[in-house]
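Shown below: run19.cif, with mmCIF, N, CA and C atoms.
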```cif
data_data
#
loop_
_atom_site.label_atom_id
_atom_site.label_comp_id
_atom_site.auth_asym_id
_atom_site.auth_seq_id
_atom_site.Cartn_x
_atom_site.Cartn_y
_atom_site.Cartn_z
N MET E 1 26.03 2.86 53.76
CA MET E 1 25.40 1.58 53.94
C MET E 1 26.16 0.54 53.11
N ILE E 2 26.44 -0.59 53.72
CA ILE E 2 27.12 -1.70 53.05
C ILE E 2 26.06 -2.77 52.76
N ILE E 3 26.03 -3.20 51.51
CA ILE E 3 25.08 -4.24 51.10
C ILE E 3 25.83 -5.56 51.00
N ASP E 4 25.15 -6.61 51.40
CA ASP E 4 25.74 -7.95 51.33
C ASP E 4 26.17 -8.24 49.89
N ARG E 5 27.37 -8.76 49.71
CA ARG E 5 27.92 -9.04 48.39
C ARG E 5 27.02 -9.99 47.60
N GLY E 6 26.52 -11.03 48.23
CA GLY E 6 25.64 -11.98 47.55
C GLY E 6 24.36 -11.32 47.08
N ASP E 7 23.76 -10.46 47.93
CA ASP E 7 22.54 -9.75 47.53
C ASP E 7 22.81 -8.83 46.35
N PHE E 8 23.95 -8.15 46.39
CA PHE E 8 24.31 -7.23 45.31
C PHE E 8 24.43 -7.97 43.98
N TRP E 9 25.18 -9.06 43.96
CA TRP E 9 25.40 -9.78 42.70
C TRP E 9 24.14 -10.50 42.24
N HIS E 10 23.31 -10.92 43.17
CA HIS E 10 22.03 -11.53 42.79
C HIS E 10 21.16 -10.48 42.10
N PHE E 11 21.12 -9.28 42.69
CA PHE E 11 20.37 -8.18 42.09
C PHE E 11 20.90 -7.85 40.70
N LYS E 12 22.22 -7.75 40.56
CA LYS E 12 22.83 -7.45 39.26
C LYS E 12 22.48 -8.53 38.23
N ALA E 13 22.50 -9.80 38.64
CA ALA E 13 22.16 -10.89 37.72
C ALA E 13 20.70 -10.81 37.28
N GLN E 14 19.83 -10.49 38.22
CA GLN E 14 18.41 -10.38 37.86
C GLN E 14 18.17 -9.23 36.90
N THR E 15 18.79 -8.09 37.14
CA THR E 15 18.58 -6.96 36.23
C THR E 15 19.20 -7.25 34.86
N ALA E 16 20.33 -7.93 34.83
CA ALA E 16 20.94 -8.28 33.54
C ALA E 16 20.04 -9.24 32.77
N ALA E 17 19.43 -10.20 33.47
CA ALA E 17 18.52 -11.14 32.80
C ALA E 17 17.31 -10.41 32.23
N LEU E 18 16.79 -9.44 32.96
CA LEU E 18 15.65 -8.66 32.45
C LEU E 18 16.06 -7.76 31.30
N ASP E 19 17.27 -7.21 31.35
CA ASP E 19 17.77 -6.41 30.22
C ASP E 19 17.85 -7.27 28.96
N LEU E 20 18.33 -8.50 29.11
CA LEU E 20 18.41 -9.41 27.98
C LEU E 20 17.03 -9.75 27.45
N GLU E 21 16.08 -10.00 28.34
CA GLU E 21 14.72 -10.30 27.92
C GLU E 21 14.10 -9.14 27.16
N MET E 22 14.34 -7.92 27.63
CA MET E 22 13.82 -6.74 26.94
C MET E 22 14.45 -6.59 25.56
N ALA E 23 15.74 -6.86 25.45
CA ALA E 23 16.42 -6.78 24.15
C ALA E 23 15.85 -7.82 23.19
N GLN E 24 15.57 -9.01 23.70
CA GLN E 24 15.00 -10.06 22.85
C GLN E 24 13.60 -9.67 22.39
N LEU E 25 12.83 -9.04 23.26
CA LEU E 25 11.49 -8.60 22.88
C LEU E 25 11.55 -7.48 21.84
N ARG E 26 12.51 -6.56 22.00
CA ARG E 26 12.67 -5.50 20.99
C ARG E 26 13.04 -6.09 19.64
N LEU E 27 13.90 -7.11 19.64
CA LEU E 27 14.29 -7.76 18.39
C LEU E 27 13.09 -8.47 17.77
N ALA E 28 12.28 -9.15 18.59
CA ALA E 28 11.09 -9.83 18.07
C ALA E 28 10.11 -8.82 17.48
N LEU E 29 9.93 -7.69 18.14
CA LEU E 29 9.04 -6.65 17.61
C LEU E 29 9.58 -6.08 16.31
N PHE E 30 10.88 -5.83 16.24
CA PHE E 30 11.49 -5.32 15.02
C PHE E 30 11.30 -6.33 13.88
N THR E 31 11.52 -7.61 14.16
CA THR E 31 11.38 -8.65 13.14
C THR E 31 9.94 -8.73 12.64
N ALA E 32 8.97 -8.69 13.56
CA ALA E 32 7.56 -8.75 13.16
C ALA E 32 7.18 -7.51 12.35
N THR E 33 7.68 -6.36 12.74
CA THR E 33 7.40 -5.13 12.00
C THR E 33 7.97 -5.21 10.59
N GLN E 34 9.18 -5.73 10.48
CA GLN E 34 9.81 -5.84 9.16
C GLN E 34 9.03 -6.82 8.27
N LYS E 35 8.58 -7.93 8.84
CA LYS E 35 7.78 -8.90 8.07
C LYS E 35 6.48 -8.26 7.60
N ARG E 36 5.85 -7.48 8.47
CA ARG E 36 4.60 -6.81 8.10
C ARG E 36 4.85 -5.81 6.97
N ASN E 37 5.91 -5.04 7.10
CA ASN E 37 6.24 -4.06 6.06
C ASN E 37 6.54 -4.75 4.73
N ASP E 38 7.25 -5.86 4.77
CA ASP E 38 7.55 -6.62 3.55
C ASP E 38 6.26 -7.14 2.92
N LEU E 39 5.34 -7.62 3.75
CA LEU E 39 4.06 -8.12 3.25
C LEU E 39 3.26 -6.99 2.59
N MET E 40 3.23 -5.82 3.24
CA MET E 40 2.50 -4.69 2.68
C MET E 40 3.12 -4.25 1.36
N THR E 41 4.44 -4.22 1.28
CA THR E 41 5.12 -3.84 0.05
C THR E 41 4.82 -4.82 -1.07
N ALA E 42 4.90 -6.11 -0.77
CA ALA E 42 4.62 -7.13 -1.78
C ALA E 42 3.17 -7.02 -2.28
N PHE E 43 2.24 -6.78 -1.36
CA PHE E 43 0.83 -6.64 -1.73
C PHE E 43 0.65 -5.42 -2.65
N ALA E 44 1.26 -4.31 -2.27
CA ALA E 44 1.14 -3.09 -3.07
C ALA E 44 1.70 -3.29 -4.47
N VAL E 45 2.88 -3.88 -4.56
CA VAL E 45 3.51 -4.10 -5.87
C VAL E 45 2.67 -5.05 -6.71
N LYS E 46 2.16 -6.11 -6.11
CA LYS E 46 1.35 -7.10 -6.84
C LYS E 46 0.11 -6.46 -7.45
N HIS E 47 -0.45 -5.46 -6.75
CA HIS E 47 -1.70 -4.86 -7.21
C HIS E 47 -1.49 -3.48 -7.84
N GLY E 48 -0.25 -3.16 -8.20
CA GLY E 48 0.02 -1.93 -8.91
C GLY E 48 -0.12 -0.67 -8.08
N LEU E 49 0.06 -0.79 -6.78
CA LEU E 49 -0.04 0.36 -5.89
C LEU E 49 1.36 0.86 -5.55
N ASP E 50 1.43 2.06 -5.03
CA ASP E 50 2.71 2.62 -4.60
C ASP E 50 3.03 2.10 -3.20
N PRO E 51 4.08 1.30 -3.05
CA PRO E 51 4.38 0.73 -1.73
C PRO E 51 4.85 1.76 -0.71
N PHE E 52 5.14 2.99 -1.17
CA PHE E 52 5.61 4.02 -0.23
C PHE E 52 4.48 4.93 0.25
N GLN E 53 3.26 4.69 -0.23
CA GLN E 53 2.10 5.43 0.22
C GLN E 53 1.26 4.53 1.13
N PRO E 54 0.63 5.11 2.16
CA PRO E 54 -0.19 4.30 3.05
C PRO E 54 -1.36 3.64 2.31
N LEU E 55 -1.67 2.44 2.72
CA LEU E 55 -2.81 1.71 2.17
C LEU E 55 -3.97 1.79 3.16
N THR E 56 -5.17 2.03 2.66
CA THR E 56 -6.37 1.99 3.48
C THR E 56 -7.20 0.81 3.00
N LEU E 57 -7.37 -0.19 3.85
CA LEU E 57 -8.11 -1.39 3.49
C LEU E 57 -9.55 -1.27 3.98
N ASP E 58 -10.49 -1.51 3.10
CA ASP E 58 -11.91 -1.50 3.46
C ASP E 58 -12.38 -2.94 3.54
N ASP E 59 -12.70 -3.38 4.75
CA ASP E 59 -13.07 -4.78 4.98
C ASP E 59 -14.46 -5.13 4.48
N THR E 60 -15.32 -4.15 4.28
CA THR E 60 -16.67 -4.46 3.82
C THR E 60 -16.77 -4.44 2.30
N GLU E 61 -16.00 -3.55 1.65
CA GLU E 61 -16.02 -3.46 0.19
C GLU E 61 -14.90 -4.24 -0.46
N TYR E 62 -13.99 -4.77 0.36
CA TYR E 62 -12.83 -5.50 -0.16
C TYR E 62 -12.05 -4.66 -1.15
N SER E 63 -11.77 -3.42 -0.74
CA SER E 63 -11.06 -2.50 -1.63
C SER E 63 -9.88 -1.87 -0.89
N VAL E 64 -8.98 -1.30 -1.69
CA VAL E 64 -7.81 -0.61 -1.15
C VAL E 64 -7.72 0.76 -1.80
N THR E 65 -7.47 1.77 -1.00
CA THR E 65 -7.23 3.10 -1.52
C THR E 65 -5.93 3.63 -0.95
N GLN E 66 -5.39 4.60 -1.63
CA GLN E 66 -4.18 5.27 -1.15
C GLN E 66 -4.44 6.76 -1.09
N SER E 67 -3.84 7.40 -0.09
CA SER E 67 -4.03 8.85 0.03
C SER E 67 -2.96 9.60 -0.71
#
```
What would the structure in this file look like if it were written as structure tokens?
Amino acid sequence: MIIDRGDFWHFKAQTAALDLEMAQLRLALFTATQKRNDLMTAFAVKHGLDPFQPLTLDDTEYSVTQS
């Protein structure tokens, strides 16, 4: 089967644009994750906690525990 050249290149352009959009979204997610991790580390250090251990936040008691 022979596909029209214009249809082929239009399809390739659309998939390339979506690949770029997905890459930009992955970068945005990575950046947001890094900012969150930095915030958690700063909070742990400020309050004398180990930044490498998970924090459990209690919203009703306003407390933090680590496992």
Checklist entry - the PyMOL selection byres ((chain E and resi 54) around 6.5) on the file shown: which residues, as number ranges by chain? => result E: 51-53, 55-56, 65-67
Item to check | strand (DSSP E) residues, from DSSP on the backbone, in chain E, as a PyMOL selection string | outcome: chain E and resi 55-58+63-66
Item to check | Between atom CA of Arg36 of chain E and atom CA of Asp58 of chain E, distance in Å (one decimal) | outcome: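 Taking atom CA of Arg36 of chain E as the start and atom CA of Asp58 of chain E as the end point, the length is 18.0 Å.
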Next on the checklist: If I take atom N of Lys35 of chain E and atom C of Leu57 of chain E, how far is one from the other in Å, to one decimal?
Outcome noted: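 Separation between atom N of Lys35 of chain E and atom C of Leu57 of chain E: 19.9 Å.
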